[in-house]
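Since the structure comes first, as structure tokens, the remarks are kept for the end.
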Amino acid sequence: MVYILFLFIIGKVIFTIYTFRIHFCMNEYKSYDLTKGICDTKFLVVIPMHNEELQIEKVIKSIRKTKYPQKLIDIIILNHRCSNRTVEIAYQNNVKVYNILNKENTKGAILKTFCIQYKETINKFDYLCIADTDNIFDEYFLYLDIWN
């Protein structure tokens with residue numbers, strides 16, 4: 001009984017410290033004005049897709065809602081033989097679309113082909129983020145990558 005109580009108290013202390021750290025960090029983020037050139041880290045978000053017209057707009061909007069300068073984020077859709085409106089929706093949302101033709105139908109193979117063919121493009125960015133169409137980005141997702 002004492003052992004369980006001890007573990008509970010230790011867990012509560014750790015949780016409180018962690019919660020305080022998150023709160024402190026979030027307030028710290030708000031104090032930075034990234035639009036004045038304090039940060040110039042560029043992100044490339046790559047999303048491989050095949051017939052994802054129902055999901056594509058959600059993931060693009062969640063990336064655009066992140067609290068990070070949008071001029072430092074590029075989104076690329078890897079089109080793998082889409083036969084519905086996926087590409088059209090991407091263009092409507094001002095997203096670059098690269099057509100990747102590959103015999104294999106796996107996302108890994110598509111990403112590998114992209115990395116080989118567009119190595120120069122990837123090297124222009126500081127970070128590469130590979131997303132899936134059902135990902136929803138937290139508004140502080142890119143901040144956590146930079147400041148931690």
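Residue numbers start at 1 in each chain; chains themselves are named A, B, ... in the order of the structure tokens; ligands are numbered from 1 in the order shown.
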Surrounding residues of Asp138 in chain A excluding itself and chain neighbours under 5 positions, 10 Å, only C-alpha atoms, as a short mmCIF file (atom, residue, chain, number, x, y, z; two decimals) with N, CA and C atoms, in the first residue's frame:
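What follows is the written file out_22.cif:
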```
data_model
loop_
_atom_site.label_atom_id
_atom_site.label_comp_id
_atom_site.auth_asym_id
_atom_site.auth_seq_id
_atom_site.Cartn_x
_atom_site.Cartn_y
_atom_site.Cartn_z
N SER A 62 -4.26 22.02 -42.02
CA SER A 62 -3.63 21.89 -40.70
C SER A 62 -2.16 22.34 -40.75
N ILE A 63 -1.49 22.11 -41.86
CA ILE A 63 -0.11 22.59 -42.01
C ILE A 63 -0.09 24.11 -42.08
N LYS A 65 -2.14 26.12 -40.74
CA LYS A 65 -2.55 26.72 -39.47
C LYS A 65 -1.46 26.66 -38.41
N THR A 66 -0.33 26.04 -38.73
CA THR A 66 0.75 25.99 -37.75
C THR A 66 1.26 27.41 -37.50
N LYS A 67 1.69 27.66 -36.28
CA LYS A 67 2.18 28.98 -35.91
C LYS A 67 3.66 29.06 -36.28
N TYR A 143 7.34 24.43 -34.16
CA TYR A 143 8.06 25.08 -33.09
C TYR A 143 8.82 24.05 -32.26
#
```
If we count only C-alpha atoms, what is near Ile73 in chain A at a cut-off of 7 Å, once residues fewer than 2 positions away on the same chain are taken out, given as number ranges by chain?
A: 42-44, 70-71, 75
Let's have the selection written as a PDB file, in the first residue's frame, with all heavy atoms.
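Saved the output as out_10.pdb:
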```pdb
ATOM      1  N   LYS A  42      13.926  26.363 -42.749  1.00  0.00           N
ATOM      2  CA  LYS A  42      12.966  26.032 -43.803  1.00  0.00           C
ATOM      3  C   LYS A  42      12.562  24.560 -43.702  1.00  0.00           C
ATOM      4  O   LYS A  42      13.405  23.686 -43.535  1.00  0.00           O
ATOM      5  CB  LYS A  42      13.563  26.325 -45.178  1.00  0.00           C
ATOM      6  CG  LYS A  42      13.862  27.798 -45.394  1.00  0.00           C
ATOM      7  CD  LYS A  42      14.280  28.112 -46.799  1.00  0.00           C
ATOM      8  CE  LYS A  42      15.562  27.398 -47.162  1.00  0.00           C
ATOM      9  NZ  LYS A  42      16.092  27.768 -48.475  1.00  0.00           N
ATOM     10  N   PHE A  43      11.261  24.336 -43.813  1.00  0.00           N
ATOM     11  CA  PHE A  43      10.691  22.996 -43.750  1.00  0.00           C
ATOM     12  C   PHE A  43      10.109  22.592 -45.091  1.00  0.00           C
ATOM     13  O   PHE A  43       9.450  23.394 -45.756  1.00  0.00           O
ATOM     14  CB  PHE A  43       9.562  22.934 -42.713  1.00  0.00           C
ATOM     15  CG  PHE A  43      10.028  22.981 -41.295  1.00  0.00           C
ATOM     16  CD1 PHE A  43      10.181  24.193 -40.650  1.00  0.00           C
ATOM     17  CD2 PHE A  43      10.315  21.818 -40.603  1.00  0.00           C
ATOM     18  CE1 PHE A  43      10.605  24.249 -39.341  1.00  0.00           C
ATOM     19  CE2 PHE A  43      10.734  21.858 -39.296  1.00  0.00           C
ATOM     20  CZ  PHE A  43      10.884  23.083 -38.656  1.00  0.00           C
ATOM     21  N   LEU A  44      10.326  21.354 -45.454  1.00  0.00           N
ATOM     22  CA  LEU A  44       9.667  20.762 -46.615  1.00  0.00           C
ATOM     23  C   LEU A  44       8.765  19.648 -46.094  1.00  0.00           C
ATOM     24  O   LEU A  44       9.235  18.719 -45.425  1.00  0.00           O
ATOM     25  CB  LEU A  44      10.693  20.181 -47.601  1.00  0.00           C
ATOM     26  CG  LEU A  44      10.109  19.413 -48.787  1.00  0.00           C
ATOM     27  CD1 LEU A  44       9.231  20.323 -49.644  1.00  0.00           C
ATOM     28  CD2 LEU A  44      11.221  18.812 -49.623  1.00  0.00           C
ATOM     29  N   GLN A  70       4.662  30.976 -42.866  1.00  0.00           N
ATOM     30  CA  GLN A  70       4.286  30.126 -43.998  1.00  0.00           C
ATOM     31  C   GLN A  70       5.260  30.242 -45.165  1.00  0.00           C
ATOM     32  O   GLN A  70       5.394  29.321 -45.957  1.00  0.00           O
ATOM     33  CB  GLN A  70       2.863  30.443 -44.450  1.00  0.00           C
ATOM     34  CG  GLN A  70       1.816  30.066 -43.427  1.00  0.00           C
ATOM     35  CD  GLN A  70       1.834  28.585 -43.102  1.00  0.00           C
ATOM     36  OE1 GLN A  70       1.719  27.748 -43.986  1.00  0.00           O
ATOM     37  NE2 GLN A  70       1.990  28.251 -41.834  1.00  0.00           N
ATOM     38  N   LYS A  71       5.979  31.359 -45.236  1.00  0.00           N
ATOM     39  CA  LYS A  71       6.965  31.502 -46.310  1.00  0.00           C
ATOM     40  C   LYS A  71       8.145  30.558 -46.129  1.00  0.00           C
ATOM     41  O   LYS A  71       8.909  30.338 -47.066  1.00  0.00           O
ATOM     42  CB  LYS A  71       7.449  32.942 -46.404  1.00  0.00           C
ATOM     43  CG  LYS A  71       8.238  33.403 -45.193  1.00  0.00           C
ATOM     44  CD  LYS A  71       8.666  34.838 -45.319  1.00  0.00           C
ATOM     45  CE  LYS A  71       9.471  35.224 -44.075  1.00  0.00           C
ATOM     46  NZ  LYS A  71       9.930  36.585 -44.145  1.00  0.00           N
ATOM     47  N   ILE A  75       5.045  22.730 -49.202  1.00  0.00           N
ATOM     48  CA  ILE A  75       4.307  21.468 -49.182  1.00  0.00           C
ATOM     49  C   ILE A  75       4.373  20.882 -50.585  1.00  0.00           C
ATOM     50  O   ILE A  75       4.087  21.565 -51.567  1.00  0.00           O
ATOM     51  CB  ILE A  75       2.833  21.674 -48.775  1.00  0.00           C
ATOM     52  CG1 ILE A  75       2.746  22.394 -47.425  1.00  0.00           C
ATOM     53  CG2 ILE A  75       2.097  20.341 -48.742  1.00  0.00           C
ATOM     54  CD1 ILE A  75       1.346  22.847 -47.062  1.00  0.00           C
TER      55      ILE A  75
END
```
12 Å contact set for Asn99 in chain A, only C-alpha atoms, chain neighbours under 4 positions out, as a ChimeraX atom specification
/A:47-50,76-82,86-87,110-111,113-114,117-118
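One distance worth recording is that between CA of Pro69 in chain A and CA of Ile122 in chain A, which is 18.9 Å.
In the backbone-derived DSSP annotation, strand (DSSP E) within range 70-119 of chain A comprises A:Ile73, A:Asp74, A:Ile75, A:Ile76, A:Ile77, A:Leu78, A:Asn79, A:Lys96, A:Val97, A:Tyr98, A:Asn99.
In this comparison, which uses only C-alpha atoms, the residue of A:Glu104, A:Asp74, A:Asp132, A:Glu88 approaching Glu53 in chain A most closely is A:Glu88.
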Using CA of Leu128 in chain A and CA of Val45 in chain A as the two end points, give the distance in Å to one decimal.
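Distance between the two atoms: 6.1 Å.
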Report the residues of range 105-142 of chain A whose backbone DSSP state falls under alpha helix (DSSP H), written as a ChimeraX atom specification.
/A:107-117,119-122,141-142
Filtering to all heavy atoms, could you give me those residues as a compact mmCIF listing (two decimals), in the first residue's frame?
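Output contents, as saved in part14.txt:
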```
# COMPACT_ATOMS: atom_id res chain seq x y z
N LYS A 107 4.23 3.43 -50.30
CA LYS A 107 4.65 4.80 -50.03
C LYS A 107 6.16 4.88 -49.88
O LYS A 107 6.78 5.86 -50.27
CB LYS A 107 3.96 5.33 -48.77
CG LYS A 107 2.49 5.60 -49.00
CD LYS A 107 1.83 6.15 -47.78
CE LYS A 107 0.35 6.33 -48.07
NZ LYS A 107 -0.40 6.84 -46.96
N GLY A 108 6.76 3.86 -49.31
CA GLY A 108 8.21 3.83 -49.17
C GLY A 108 8.92 3.90 -50.51
O GLY A 108 9.90 4.63 -50.67
N ALA A 109 8.43 3.15 -51.47
CA ALA A 109 9.04 3.16 -52.80
C ALA A 109 8.84 4.51 -53.49
O ALA A 109 9.74 5.01 -54.17
CB ALA A 109 8.44 2.04 -53.65
N ILE A 110 7.68 5.10 -53.29
CA ILE A 110 7.40 6.40 -53.88
C ILE A 110 8.32 7.46 -53.27
O ILE A 110 8.90 8.29 -53.98
CB ILE A 110 5.92 6.77 -53.70
CG1 ILE A 110 5.04 5.80 -54.49
CG2 ILE A 110 5.64 8.21 -54.11
CD1 ILE A 110 3.60 5.81 -54.10
N LEU A 111 8.49 7.43 -51.95
CA LEU A 111 9.37 8.38 -51.28
C LEU A 111 10.82 8.18 -51.71
O LEU A 111 11.56 9.15 -51.89
CB LEU A 111 9.23 8.24 -49.76
CG LEU A 111 7.94 8.79 -49.18
CD1 LEU A 111 7.73 8.30 -47.77
CD2 LEU A 111 7.95 10.31 -49.22
N LYS A 112 11.23 6.94 -51.86
CA LYS A 112 12.60 6.65 -52.30
C LYS A 112 12.85 7.23 -53.69
O LYS A 112 13.87 7.89 -53.93
CB LYS A 112 12.84 5.15 -52.30
CG LYS A 112 14.22 4.76 -52.74
CD LYS A 112 14.39 3.25 -52.73
CE LYS A 112 15.76 2.85 -53.27
NZ LYS A 112 15.90 1.39 -53.32
N THR A 113 11.90 7.03 -54.59
CA THR A 113 12.03 7.58 -55.95
C THR A 113 12.09 9.10 -55.90
O THR A 113 12.90 9.72 -56.59
CB THR A 113 10.84 7.12 -56.82
OG1 THR A 113 10.81 5.69 -56.83
CG2 THR A 113 10.95 7.64 -58.23
N PHE A 114 11.24 9.71 -55.09
CA PHE A 114 11.25 11.17 -54.94
C PHE A 114 12.61 11.65 -54.44
O PHE A 114 13.18 12.61 -54.97
CB PHE A 114 10.14 11.61 -53.99
CG PHE A 114 10.25 13.05 -53.56
CD1 PHE A 114 9.96 14.08 -54.43
CD2 PHE A 114 10.66 13.37 -52.27
CE1 PHE A 114 10.07 15.41 -54.04
CE2 PHE A 114 10.77 14.68 -51.87
CZ PHE A 114 10.48 15.70 -52.76
N CYS A 115 13.14 11.00 -53.41
CA CYS A 115 14.42 11.43 -52.83
C CYS A 115 15.56 11.29 -53.83
O CYS A 115 16.47 12.12 -53.84
CB CYS A 115 14.72 10.63 -51.57
SG CYS A 115 13.65 11.07 -50.19
N ILE A 116 15.51 10.29 -54.66
CA ILE A 116 16.57 10.11 -55.67
C ILE A 116 16.43 11.13 -56.79
O ILE A 116 17.40 11.78 -57.18
CB ILE A 116 16.53 8.68 -56.23
CG1 ILE A 116 16.96 7.69 -55.13
CG2 ILE A 116 17.43 8.53 -57.45
CD1 ILE A 116 16.72 6.23 -55.48
N GLN A 117 15.21 11.32 -57.29
CA GLN A 117 15.00 12.21 -58.43
C GLN A 117 15.10 13.69 -58.07
O GLN A 117 15.49 14.51 -58.90
CB GLN A 117 13.63 11.94 -59.08
CG GLN A 117 13.55 10.63 -59.80
CD GLN A 117 12.17 10.41 -60.42
OE1 GLN A 117 11.25 11.18 -60.22
NE2 GLN A 117 12.04 9.32 -61.17
N LYS A 119 16.73 15.22 -55.34
CA LYS A 119 17.71 15.43 -54.27
C LYS A 119 18.07 16.91 -54.11
O LYS A 119 18.18 17.40 -52.99
CB LYS A 119 18.96 14.60 -54.59
CG LYS A 119 20.02 14.62 -53.55
CD LYS A 119 21.16 13.70 -53.98
CE LYS A 119 22.27 13.70 -52.97
NZ LYS A 119 23.37 12.82 -53.38
N GLU A 120 18.23 17.62 -55.22
CA GLU A 120 18.59 19.03 -55.17
C GLU A 120 17.49 19.86 -54.50
O GLU A 120 17.76 20.80 -53.76
CB GLU A 120 18.86 19.59 -56.58
CG GLU A 120 19.97 18.89 -57.34
CD GLU A 120 19.51 17.58 -57.99
OE1 GLU A 120 18.32 17.47 -58.37
OE2 GLU A 120 20.33 16.67 -58.09
N THR A 121 16.25 19.53 -54.78
CA THR A 121 15.13 20.23 -54.17
C THR A 121 15.12 20.03 -52.66
O THR A 121 14.95 20.98 -51.90
CB THR A 121 13.79 19.74 -54.76
OG1 THR A 121 13.81 19.96 -56.17
CG2 THR A 121 12.60 20.46 -54.16
N ILE A 122 15.31 18.80 -52.24
CA ILE A 122 15.30 18.47 -50.82
C ILE A 122 16.43 19.19 -50.09
O ILE A 122 16.25 19.68 -48.97
CB ILE A 122 15.40 16.94 -50.62
CG1 ILE A 122 14.17 16.26 -51.19
CG2 ILE A 122 15.57 16.59 -49.15
CD1 ILE A 122 14.28 14.76 -51.29
N PHE A 141 3.55 22.30 -33.90
CA PHE A 141 4.36 21.16 -34.35
C PHE A 141 5.76 21.59 -34.80
O PHE A 141 6.76 21.05 -34.38
CB PHE A 141 3.65 20.43 -35.49
CG PHE A 141 4.46 19.33 -36.09
CD1 PHE A 141 4.62 18.14 -35.41
CD2 PHE A 141 5.06 19.48 -37.33
CE1 PHE A 141 5.37 17.11 -35.95
CE2 PHE A 141 5.81 18.46 -37.88
CZ PHE A 141 5.96 17.27 -37.18
N LEU A 142 5.86 22.58 -35.62
CA LEU A 142 7.15 23.00 -36.14
C LEU A 142 7.96 23.76 -35.10
O LEU A 142 9.19 23.72 -35.12
CB LEU A 142 6.96 23.85 -37.41
CG LEU A 142 6.28 23.10 -38.55
CD1 LEU A 142 6.05 24.02 -39.74
CD2 LEU A 142 7.09 21.89 -38.99
```
Point-to-point distance in Å for CA of Val46 in chain A and CA of Asn84 in chain A
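Distance reported for this atom pair: 19.6 Å.
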Nearest residue to Asp126 in chain A from the set A:Ile60, A:Leu72, A:Ala90, A:Val97 (distances using only C-alpha atoms)
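So, comparing all the options, the nearest one is A:Leu72.
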